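Below: one structure, written as structure tokens.
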Amino acid sequence: MNALRFAFASLRYHKQTIRPYWLVSLVFSLVISFLWCLKHSFALFYQQVIQLFSSEQSNGQTSLFSNELQAYINKVDCFYLVLIMIASGLLLLFTAFFLWHFLKKRQDFLIFRNSGITKQWFLQIWLEFLLPALLLLAFTILLFLILQPFLQTVILSIHQKVISFFGMDHLQLAVNTADRSRWLIKLPANGAALFNSIQLPTRSWSLILIQGAFLSFLNLLVINSLLLPLFSLYFYKRRKNNDRHSFE
């Protein structure tokens, strides 16, 4: 309880220093959340497409189309994943840069060390980053749900451009004459039209947006979980050694 109280007090005291970090983190969180939404919505579209095929008895032509479509899906999924990794890498570098300069100037660990409650200092540092991260999560979810109709339109537009970029709009479905009456009614003529024909319900879109926000939060949590103990321990030992040398 004391650690939580000290964390709130420290956040108020260091608000001018940490505000730029959390503003930049907010931008990264929104971007990464949106990228996760792109990835998961595209995967959900593909699941709907698979259901179209599984609802009918498969033949050679539809199996070939499904296999070719899977190859394109893998390319698009990998593309979105690379974008997420790039954004996450930039956030990691920025967080490392900030923590290095922020913790380097922290002197309050001396008070905790002299009081014999060093572990509480590490807990306080962790809470100082966890609490704003939770606020970012709540803000991102709220913002995404408010802008859900707009985000749906943007996501679908980006999917269309990505599909066109990878050539999925040239993927054609060829069927035998005997199957034509059945499949041409069931499926559009190419990959792009196929994805345009899929309509996700509003609830599915809401879950996609919330899931994207949570994954971005976990991303930020993992980054801070790796860097905070590393840098905190480094500066703690560094100052402890400096104090020992000064005393000698």
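Quick note on naming: the chains in the structure tokens go A, B, ... in the order shown, residues restart at 1 in each chain, and ligands are numbered from 1 in order of appearance.
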Skip Ile223 (chain A) itself and residues of its chain fewer than 4 positions away, then list as a PyMOL selection string all residues within 7 Å of it, counting only C-alpha atoms.
chain A and resi 92+219+227
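In this structure, CA of Tyr72 (chain A) sits 8.4 Å away from CA of Ile163 (chain A).
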Would you pick out the contacts of region 96-100 of chain A at 10 Å or less, using only C-alpha atoms, so that residues sharing its chain but fewer than 5 positions from it are not included, and give the list as a PyMOL selection string?
chain A and resi 17-18+20-21+90-91+105+223-224+226-228+231-232+234-235
As a ChimeraX atom specification, please: the residues near region 77-88 of chain A (cut-off 12 Å, only C-alpha atoms, same-chain neighbours under 4 positions excluded).
/A:25,27-46,70-73,92-95,158-159,162-163,165-166,212,215-224
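You can rank A:Leu123, A:Leu103, A:Leu145, A:Leu156 by their closest distance to Ile210 (chain A) using only C-alpha atoms, and at the top of that list sits A:Leu145.
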Calculated over only C-alpha atoms, which of the candidates A:Gln211, A:Phe8, A:Ser204, A:Trp22 has the smallest distance to Ile141 (chain A)?
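Answer, going by the shortest atom-to-atom distance: A:Gln211.
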Which is closer to Ser206 (chain A) than all the others in A:Gln16, A:Asn74, A:Gln152, A:Gln51, using only C-alpha atoms?
A:Gln152
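Atom to atom, CA of Gln48 (chain A) and CA of Ile198 (chain A) stand 7.0 Å apart.
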Selection: 7 Å around region 135-137 of chain A, only C-alpha atoms, excl. self and same-chain fewer than 6 positions, as a PDB file with N, CA and C atoms, in the first residue's frame:
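New file selection-v5.pdb:
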```pdb
ATOM      1  N   LEU A  26       1.695   7.144 -25.948  1.00  0.00           N
ATOM      2  CA  LEU A  26       0.290   7.140 -26.375  1.00  0.00           C
ATOM      3  C   LEU A  26       0.195   6.998 -27.882  1.00  0.00           C
ATOM      4  N   ALA A 213      -6.202  -3.133 -28.514  1.00  0.00           N
ATOM      5  CA  ALA A 213      -5.757  -2.273 -27.417  1.00  0.00           C
ATOM      6  C   ALA A 213      -5.064  -3.082 -26.324  1.00  0.00           C
ATOM      7  N   PHE A 214      -5.607  -4.255 -25.991  1.00  0.00           N
ATOM      8  CA  PHE A 214      -5.000  -5.103 -24.961  1.00  0.00           C
ATOM      9  C   PHE A 214      -3.635  -5.614 -25.405  1.00  0.00           C
ATOM     10  N   PHE A 217      -1.193  -2.913 -25.013  1.00  0.00           N
ATOM     11  CA  PHE A 217      -0.875  -2.757 -23.596  1.00  0.00           C
ATOM     12  C   PHE A 217       0.111  -3.827 -23.138  1.00  0.00           C
TER      13      PHE A 217
END
```
